[in-house]
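Enquirer: Input structure: upload01.txt, which contains compact mmCIF, C-alpha atoms.
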```txt
# COMPACT_ATOMS: atom_id res chain seq x y z
CA MET A 1 95.93 -8.26 -331.65
CA GLU A 2 98.41 -5.58 -330.57
CA PRO A 3 98.58 -2.35 -332.57
CA ASP A 4 101.49 -1.57 -334.84
CA VAL A 5 104.54 -0.14 -333.08
CA THR A 6 104.47 3.63 -333.42
CA ILE A 7 107.43 4.31 -331.13
CA PRO A 8 110.17 1.71 -331.63
CA PHE A 9 112.58 0.85 -328.87
CA LEU A 10 115.52 1.86 -331.10
CA ASP A 11 115.15 2.82 -334.76
CA LEU A 12 118.42 1.48 -336.14
CA LYS A 13 117.33 1.75 -339.75
CA THR A 14 116.60 5.46 -339.48
CA ILE A 15 119.78 6.08 -337.48
CA ASN A 16 121.92 4.55 -340.21
CA LEU A 17 119.97 5.99 -343.13
CA ARG A 18 120.75 9.46 -341.82
CA HIS A 19 124.37 8.67 -342.69
CA ARG A 20 123.56 6.89 -345.96
CA ASP A 21 125.76 9.00 -348.25
CA ALA A 22 128.78 8.97 -345.95
CA LEU A 23 128.43 5.21 -345.34
CA ARG A 24 128.24 4.55 -349.07
CA GLU A 25 131.28 6.71 -349.62
CA ALA A 26 133.13 4.72 -346.94
CA PHE A 27 132.10 1.47 -348.61
CA GLU A 28 133.31 2.64 -352.00
CA ARG A 29 136.59 3.83 -350.49
CA VAL A 30 137.27 0.39 -349.01
CA LEU A 31 136.09 -1.46 -352.10
CA GLU A 32 138.24 0.58 -354.45
CA GLY A 33 141.21 0.51 -352.08
CA GLY A 34 141.43 -3.27 -352.42
CA TRP A 35 142.71 -3.78 -348.84
CA TYR A 36 140.19 -5.35 -346.52
CA ILE A 37 142.01 -6.48 -343.36
CA GLN A 38 144.35 -4.41 -341.14
CA GLY A 39 144.74 -1.46 -343.44
CA GLY A 40 144.46 2.30 -343.37
CA GLU A 41 140.80 2.51 -342.29
CA LEU A 42 141.49 0.45 -339.18
CA ALA A 43 144.59 2.46 -338.32
CA ALA A 44 142.65 5.72 -338.71
CA PHE A 45 139.72 4.51 -336.63
CA GLU A 46 142.00 3.24 -333.88
CA SER A 47 143.68 6.65 -333.71
CA GLU A 48 140.36 8.52 -333.67
CA PHE A 49 138.79 6.25 -331.06
CA ALA A 50 141.86 6.43 -328.81
CA ALA A 51 141.55 10.23 -328.97
CA LEU A 52 137.92 10.02 -327.84
CA CYS A 53 138.88 7.81 -324.91
CA GLY A 54 142.00 9.77 -323.98
CA THR A 55 144.29 6.75 -324.28
CA ASP A 56 147.58 6.10 -326.02
CA CYS A 57 146.20 3.19 -327.96
CA ALA A 58 143.03 1.60 -329.31
CA ILE A 59 143.02 -1.86 -330.89
CA GLY A 60 140.13 -2.91 -333.11
CA THR A 61 138.63 -6.33 -332.43
CA SER A 62 135.90 -8.52 -333.89
CA ASN A 63 133.44 -7.79 -331.05
CA GLY A 64 133.21 -6.73 -327.43
CA LEU A 65 133.40 -10.22 -325.95
CA ASP A 66 136.62 -10.90 -327.84
CA ALA A 67 137.98 -7.53 -326.70
CA LEU A 68 137.50 -8.44 -323.05
CA HIS A 69 138.77 -11.99 -323.57
CA MET A 70 141.92 -10.73 -325.30
CA ILE A 71 142.70 -8.29 -322.47
CA LEU A 72 142.50 -11.13 -319.96
CA ARG A 73 144.69 -13.32 -322.17
CA GLY A 74 147.06 -10.41 -322.71
CA TYR A 75 147.57 -10.10 -318.97
CA GLY A 76 148.18 -13.83 -318.67
CA ILE A 77 145.04 -14.42 -316.63
CA GLY A 78 143.90 -18.03 -316.87
CA PRO A 79 143.28 -21.31 -315.03
CA GLY A 80 143.62 -21.03 -311.27
CA ASP A 81 142.97 -17.28 -311.30
CA GLU A 82 139.89 -15.42 -310.10
CA VAL A 83 138.37 -12.30 -311.64
CA ILE A 84 135.81 -10.18 -309.79
CA VAL A 85 132.77 -9.34 -311.95
CA PRO A 86 129.38 -7.75 -311.26
CA SER A 87 126.58 -10.17 -310.49
CA ASN A 88 124.31 -7.81 -312.46
CA THR A 89 125.50 -7.63 -316.08
CA PHE A 90 125.12 -9.09 -319.54
CA ILE A 91 126.58 -12.58 -319.58
CA ALA A 92 129.44 -11.62 -321.93
CA THR A 93 131.34 -10.15 -318.96
CA TRP A 94 131.35 -13.56 -317.30
CA LEU A 95 131.93 -15.51 -320.51
CA ALA A 96 135.16 -13.64 -321.24
CA VAL A 97 136.49 -14.69 -317.83
CA SER A 98 135.38 -18.28 -318.34
CA GLN A 99 136.90 -18.41 -321.83
CA SER A 100 140.25 -17.34 -320.39
CA GLY A 101 140.11 -20.31 -318.03
CA ALA A 102 139.75 -18.13 -314.95
CA THR A 103 136.86 -18.18 -312.47
CA PRO A 104 134.33 -15.33 -312.32
CA VAL A 105 133.68 -14.13 -308.76
CA PRO A 106 130.40 -12.15 -308.70
CA VAL A 107 129.89 -9.11 -306.49
CA GLU A 108 126.52 -7.45 -305.99
CA PRO A 109 125.70 -3.97 -307.32
CA VAL A 110 124.80 -0.68 -305.68
CA GLU A 111 121.01 -0.68 -305.47
CA SER A 112 120.60 2.88 -306.81
CA THR A 113 122.91 2.69 -309.85
CA CYS A 114 122.89 -1.05 -310.66
CA ASN A 115 126.71 -0.85 -310.98
CA LEU A 116 129.35 -2.80 -309.06
CA ASP A 117 129.43 -1.89 -305.35
CA PRO A 118 132.97 -0.88 -304.29
CA GLU A 119 132.15 -1.50 -300.63
CA ARG A 120 131.58 -5.20 -301.31
CA LEU A 121 134.84 -5.75 -303.18
CA ALA A 122 137.26 -6.31 -300.31
CA ALA A 123 135.37 -9.37 -299.08
CA ALA A 124 135.66 -10.94 -302.56
CA VAL A 125 139.45 -10.62 -302.86
CA THR A 126 141.46 -13.81 -302.29
CA PRO A 127 145.10 -14.77 -302.96
CA ARG A 128 143.93 -16.03 -306.37
CA THR A 129 142.30 -12.75 -307.45
CA ARG A 130 144.02 -11.20 -310.48
CA ALA A 131 141.63 -8.56 -311.78
CA ILE A 132 138.40 -6.62 -311.28
CA VAL A 133 136.05 -6.03 -314.22
CA PRO A 134 133.64 -3.16 -313.44
CA VAL A 135 130.87 -2.76 -316.01
CA HIS A 136 129.64 0.71 -316.96
CA LEU A 137 126.09 -0.55 -317.14
CA TYR A 138 123.44 1.27 -319.19
CA GLY A 139 125.99 3.97 -320.11
CA GLN A 140 126.94 5.24 -316.63
CA THR A 141 130.44 4.55 -315.33
CA ALA A 142 130.95 2.52 -312.21
CA ASP A 143 132.37 4.36 -309.18
CA MET A 144 135.96 3.89 -310.30
CA ASP A 145 138.09 5.73 -307.74
CA PRO A 146 137.41 3.38 -304.80
CA ILE A 147 137.61 0.38 -307.14
CA LEU A 148 141.02 1.52 -308.38
CA ALA A 149 142.22 2.25 -304.84
CA LEU A 150 141.36 -1.27 -303.66
CA ALA A 151 142.90 -2.79 -306.78
CA ARG A 152 146.17 -0.93 -306.26
CA ARG A 153 146.35 -2.06 -302.63
CA HIS A 154 146.08 -5.69 -303.74
CA GLY A 155 148.09 -5.47 -306.97
CA LEU A 156 145.08 -6.22 -309.20
CA LYS A 157 144.36 -5.18 -312.76
CA VAL A 158 141.23 -3.13 -313.42
CA ILE A 159 139.62 -3.90 -316.77
CA GLU A 160 136.64 -1.75 -317.75
CA ASP A 161 133.74 -3.37 -319.54
CA ALA A 162 132.78 -0.20 -321.39
CA ALA A 163 130.55 -1.89 -323.97
CA GLN A 164 127.67 0.50 -323.20
CA ALA A 165 129.63 3.64 -322.33
CA HIS A 166 131.03 5.25 -325.51
CA GLY A 167 131.74 8.86 -324.53
CA ALA A 168 130.70 8.56 -320.87
CA LEU A 169 132.70 10.54 -318.31
CA TYR A 170 133.72 9.86 -314.72
CA ARG A 171 134.93 12.95 -312.87
CA GLY A 172 135.84 14.46 -316.22
CA ARG A 173 137.76 11.39 -317.41
CA PRO A 174 136.49 9.31 -320.35
CA ALA A 175 135.34 5.72 -320.04
CA GLY A 176 138.08 3.60 -321.52
CA SER A 177 140.86 5.52 -319.78
CA LEU A 178 139.91 4.81 -316.17
CA GLY A 179 141.55 1.41 -315.58
CA ASP A 180 144.49 -0.56 -316.94
CA ALA A 181 142.54 -1.43 -320.09
CA ALA A 182 138.99 -1.34 -321.39
CA ALA A 183 136.81 -3.37 -323.73
CA PHE A 184 134.22 -1.77 -326.02
CA SER A 185 131.50 -3.28 -328.18
CA PHE A 186 130.26 -1.70 -331.40
CA TYR A 187 127.29 -4.03 -331.80
CA PRO A 188 124.80 -2.22 -334.08
CA GLY A 189 122.53 -1.15 -331.22
CA LYS A 190 125.27 0.56 -329.20
CA ASN A 191 125.66 4.34 -329.02
CA LEU A 192 128.54 3.88 -331.46
CA GLY A 193 127.32 0.97 -333.53
CA ALA A 194 128.82 -0.72 -336.56
CA LEU A 195 126.82 -2.32 -339.37
CA GLY A 196 127.76 -5.70 -337.98
CA ASP A 197 129.83 -6.98 -335.07
CA ALA A 198 132.89 -5.03 -333.96
CA GLY A 199 134.77 -4.05 -330.81
CA ALA A 200 137.90 -2.40 -329.47
CA ILE A 201 140.41 -2.37 -326.63
CA THR A 202 141.81 0.85 -325.18
CA THR A 203 144.87 1.10 -322.96
CA ASN A 204 147.98 3.09 -322.06
CA ASP A 205 149.96 -0.11 -321.46
CA PRO A 206 152.52 -0.65 -324.29
CA GLU A 207 153.30 -4.23 -323.26
CA LEU A 208 149.64 -5.19 -323.26
CA THR A 209 149.19 -3.45 -326.62
CA GLU A 210 152.01 -5.43 -328.21
CA ARG A 211 150.77 -8.73 -326.83
CA VAL A 212 147.12 -8.15 -327.73
CA ARG A 213 147.96 -7.07 -331.29
CA LYS A 214 149.64 -10.44 -331.69
CA LEU A 215 146.89 -12.41 -329.96
CA ILE A 216 144.11 -11.06 -332.18
CA ASN A 217 146.16 -11.85 -335.33
CA TYR A 218 146.99 -15.54 -334.94
CA GLY A 219 149.74 -14.70 -332.46
CA SER A 220 151.67 -12.87 -335.16
CA SER A 221 153.15 -9.45 -335.81
CA ILE A 222 155.20 -10.61 -338.80
CA LYS A 223 153.46 -12.59 -341.53
CA TYR A 224 153.87 -16.34 -341.08
CA GLN A 225 155.81 -15.86 -337.84
CA HIS A 226 153.62 -16.84 -334.86
CA ASP A 227 155.06 -16.03 -331.45
CA LEU A 228 151.90 -16.86 -329.51
CA ALA A 229 149.05 -19.37 -329.77
CA GLY A 230 146.72 -16.62 -330.93
CA TYR A 231 143.22 -16.09 -332.28
CA ASN A 232 141.51 -14.43 -335.22
CA CYS A 233 139.73 -11.49 -333.57
CA ARG A 234 140.46 -8.65 -335.98
CA LEU A 235 138.28 -5.69 -336.89
CA ASP A 236 137.90 -5.53 -340.67
CA GLU A 237 138.42 -2.46 -342.83
CA LEU A 238 134.79 -2.09 -343.82
CA GLN A 239 133.45 -1.92 -340.29
CA ALA A 240 136.30 0.40 -339.31
CA ALA A 241 135.34 2.73 -342.16
CA PHE A 242 131.67 2.68 -341.11
CA LEU A 243 132.63 3.37 -337.50
CA ARG A 244 134.71 6.37 -338.56
CA VAL A 245 131.58 7.86 -340.15
CA LYS A 246 129.43 7.29 -337.10
CA LEU A 247 132.10 8.39 -334.63
CA ARG A 248 131.80 11.91 -336.01
CA HIS A 249 128.18 12.03 -334.81
CA LEU A 250 128.59 10.31 -331.43
CA GLU A 251 128.82 13.43 -329.29
CA GLU A 252 125.71 14.96 -330.85
CA GLU A 253 123.74 11.73 -330.52
CA ASN A 254 124.83 11.34 -326.89
CA ARG A 255 123.55 14.86 -326.20
CA THR A 256 120.19 13.84 -327.65
CA ARG A 257 120.12 10.82 -325.38
CA ARG A 258 120.87 13.00 -322.35
CA ASP A 259 118.00 15.31 -323.28
CA ILE A 260 115.63 12.34 -323.57
CA ALA A 261 116.79 11.02 -320.19
CA SER A 262 116.22 14.43 -318.58
CA ARG A 263 112.67 14.51 -319.95
CA TYR A 264 111.98 11.00 -318.66
CA LEU A 265 113.37 11.79 -315.21
CA ALA A 266 111.29 14.96 -314.88
CA GLY A 267 108.12 13.51 -316.37
CA LEU A 268 108.14 10.25 -314.41
CA ALA A 269 109.08 11.72 -311.02
CA GLY A 270 106.48 10.81 -308.45
CA THR A 271 105.40 7.58 -310.14
CA PRO A 272 105.83 4.18 -308.45
CA LEU A 273 108.72 3.43 -310.82
CA VAL A 274 112.27 3.25 -309.51
CA LEU A 275 114.07 5.70 -311.79
CA PRO A 276 117.77 5.74 -312.73
CA VAL A 277 120.09 7.59 -310.37
CA VAL A 278 123.11 9.50 -311.69
CA SER A 279 126.07 9.32 -309.34
CA GLU A 280 128.02 12.44 -308.42
CA GLY A 281 130.78 13.09 -310.93
CA CYS A 282 129.26 10.90 -313.63
CA LEU A 283 128.09 12.03 -317.06
CA PRO A 284 126.20 9.06 -318.54
CA VAL A 285 125.55 8.51 -322.23
CA TRP A 286 122.24 6.69 -321.60
CA HIS A 287 122.75 3.66 -323.78
CA LEU A 288 119.64 2.46 -321.98
CA PHE A 289 117.03 4.19 -319.83
CA VAL A 290 116.04 1.49 -317.35
CA VAL A 291 113.21 1.78 -314.85
CA ARG A 292 112.29 -0.81 -312.24
CA THR A 293 108.97 -2.08 -310.95
CA GLU A 294 107.57 -5.36 -309.64
CA ALA A 295 104.77 -4.78 -312.17
CA ARG A 296 107.28 -4.84 -315.01
CA ASP A 297 105.41 -7.30 -317.20
CA ASP A 298 102.13 -5.45 -316.77
CA LEU A 299 103.74 -2.12 -317.71
CA ARG A 300 105.44 -3.65 -320.73
CA HIS A 301 102.14 -5.11 -321.90
CA TYR A 302 100.37 -1.77 -321.44
CA LEU A 303 103.05 0.07 -323.41
CA GLY A 304 102.76 -2.51 -326.17
CA GLU A 305 99.00 -2.02 -326.34
CA GLN A 306 99.67 1.67 -326.99
CA GLY A 307 102.20 0.89 -329.74
CA ILE A 308 105.28 1.65 -327.64
CA ALA A 309 108.08 -0.91 -327.75
CA SER A 310 110.25 -1.71 -324.74
CA GLN A 311 112.93 -4.27 -323.88
CA ILE A 312 114.18 -6.19 -320.85
CA HIS A 313 117.92 -5.86 -320.18
CA TYR A 314 118.31 -8.53 -318.85
CA PRO A 315 115.60 -11.01 -317.83
CA VAL A 316 117.89 -13.69 -316.34
CA PRO A 317 121.07 -13.00 -314.30
CA PRO A 318 124.25 -14.81 -315.39
CA HIS A 319 124.35 -17.24 -312.47
CA ARG A 320 120.86 -18.48 -313.42
CA GLN A 321 121.77 -19.08 -317.07
CA GLY A 322 122.24 -22.58 -318.48
CA ALA A 323 125.83 -21.71 -319.32
CA TYR A 324 126.64 -21.85 -315.59
CA ALA A 325 124.18 -24.56 -314.60
CA GLY A 326 126.96 -27.00 -313.75
CA SER A 327 129.06 -24.57 -311.75
CA VAL A 328 129.08 -23.67 -308.06
CA LEU A 329 127.78 -20.23 -309.06
CA ALA A 330 124.39 -21.70 -309.98
CA ALA A 331 123.77 -22.65 -306.36
CA LYS A 332 124.56 -19.19 -305.01
CA SER A 333 122.09 -16.42 -304.33
CA PHE A 334 122.58 -12.81 -305.38
CA PRO A 335 119.34 -11.25 -304.16
CA ILE A 336 119.98 -7.68 -305.32
CA SER A 337 120.74 -8.81 -308.86
CA GLU A 338 117.89 -11.29 -308.90
CA ARG A 339 115.47 -8.56 -307.87
CA MET A 340 116.82 -6.18 -310.51
CA HIS A 341 116.56 -8.73 -313.28
CA ARG A 342 112.96 -9.36 -312.22
CA GLN A 343 112.08 -5.64 -312.22
CA VAL A 344 114.01 -3.93 -315.01
CA LEU A 345 112.37 -2.46 -318.10
CA SER A 346 114.16 -0.41 -320.75
CA LEU A 347 112.09 2.43 -322.23
CA PRO A 348 112.56 3.68 -325.80
CA MET A 349 115.87 5.51 -326.13
CA GLY A 350 117.75 6.64 -329.21
CA PRO A 351 118.94 9.65 -331.18
CA THR A 352 115.99 9.61 -333.57
CA MET A 353 113.36 9.99 -330.83
CA THR A 354 111.53 13.32 -330.94
CA PRO A 355 110.36 15.32 -327.90
CA ASP A 356 106.81 14.35 -328.86
CA ASP A 357 107.79 10.66 -328.77
CA VAL A 358 109.22 11.06 -325.29
CA GLU A 359 106.20 12.99 -324.03
CA ARG A 360 103.87 10.32 -325.38
CA CYS A 361 105.82 7.58 -323.58
CA ILE A 362 105.57 9.60 -320.38
CA ARG A 363 101.83 10.18 -320.77
CA VAL A 364 101.17 6.49 -321.36
CA ILE A 365 103.19 5.51 -318.29
CA LEU A 366 101.39 8.13 -316.17
CA ASP A 367 98.08 6.77 -317.42
CA TRP A 368 99.17 3.22 -316.51
CA SER A 369 100.32 4.41 -313.09
CA GLY A 370 96.99 6.17 -312.45
CA LYS A 371 95.03 2.98 -313.12
CA ARG A 372 96.92 0.89 -310.57
```
Translate this structure into structure tokens?
Expert:
Amino acid sequence: MEPDVTIPFLDLKTINLRHRDALREAFERVLEGGWYIQGGELAAFESEFAALCGTDCAIGTSNGLDALHMILRGYGIGPGDEVIVPSNTFIATWLAVSQSGATPVPVEPVESTCNLDPERLAAAVTPRTRAIVPVHLYGQTADMDPILALARRHGLKVIEDAAQAHGALYRGRPAGSLGDAAAFSFYPGKNLGALGDAGAITTNDPELTERVRKLINYGSSIKYQHDLAGYNCRLDELQAAFLRVKLRHLEEENRTRRDIASRYLAGLAGTPLVLPVVSEGCLPVWHLFVVRTEARDDLRHYLGEQGIASQIHYPVPPHRQGAYAGSVLAAKSFPISERMHRQVLSLPMGPTMTPDDVERCIRVILDWSGKR
């Protein structure tokens, strides 16, 4: 029988209880205000989040998948179109493309960063390509300048999947402001997490903003007048109020994550593990600290025996999932992604971890490494 977990992978309960009073105050404010959909809390959060991302506009949505889907719909991307996506990502990136009716076209990642490889993009562009969706995986931005340059040459939209990159910077510019539009998730475990599902779109495009605001609200901007065949993908007042509380602490919590990552990188140098690489010009927010080893399962088991929790993000690449079993993608091989999904292990990472917690994780891994 495994021992009790003494170092959790992410202590969400403690993270949120640190903001207990402010979250309760936000709840009471919404309850007593009597307005629960598309009110003042949402408007305030959208303004505050747009300021963080350095964009003209932020639009609250029900979750990150819907945010990405609505951007694609907002740009009129659909059946017959192709959208370039990373082969190495959470499946939501692909699902948004599929839900729009377009076809995902996977491109392999850079081995060192696990993010979309700009040098492989040109070969994936066809006359049917409409957009590129780089994912800022694990909290580090993709190498956006060459991606944007190629997109501009071919007249393509660049849509950031920034679900893991709240507050990340690329050459001094915030994630969410780097492409034509960006999709964020505020799933509870994210760096900026709601107390339920939530998401947002950021953009400087006024036409997209107008169209998406209609799409997420039944195709309507005037009550009972529906200009588009829309959806119900709105961010509610309560989650917006909670997110406003937690947004105030995001920068501090991201600094804590960076400190933890620095300790891991120094302490685990020289081990057989493949450690994360930070690209020049990038300032990650370390949503995840992911190491790689062919002995992944053995390391995870050893950590568990010592009471240290870990996770696998993600065990199965999208093209091997049942959701795409009937598509031509299932028959293709993406060896870099397949190797990564076989090797990756996410170590404990979160703003409530103490230096002692981090040092203990390092010692246990060093002990495991010494026994191999």
Enquirer: Would you kindly return, as a ChimeraX atom specification, each protein, DNA or RNA residue with an atom no farther than 8 Å from any atom of Ala26 in chain A, considering all atoms listed in the file and excluding same-chain residues fewer than 3 positions away?
Expert: /A:22-23,29-30,238,241-242,245
Enquirer: Rank nothing, just name the residue among A:Val97, A:Ile84, A:Leu65, A:Ala325 nearest to Tyr187 in chain A, using all atoms listed in the file.
Expert: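 Checking each of A:Val97, A:Ile84, A:Leu65, A:Ala325 against Tyr187 in chain A, counting all atoms listed in the file, the winner is A:Leu65.
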Enquirer: Could you check the closest approach to Pro284 in chain A for each of A:Leu169, A:Leu265, A:Ala181, A:Leu247 and tell me which residue wins, using only C-alpha atoms?
Expert: A:Leu169
Enquirer: Restricting the calculation to only C-alpha atoms: of A:His154, A:Ser98, A:Met340, A:Gly219, which residue gets closest to Pro79 in chain A?
Expert: A:Ser98
Enquirer: Go through A:Arg128, A:Met353, A:Ala122, A:Gly307 and flag the residue nearest Leu148 in chain A, using only C-alpha atoms for the distances.
Expert: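 With only C-alpha atoms as the atom set, the closest residue is A:Ala122.
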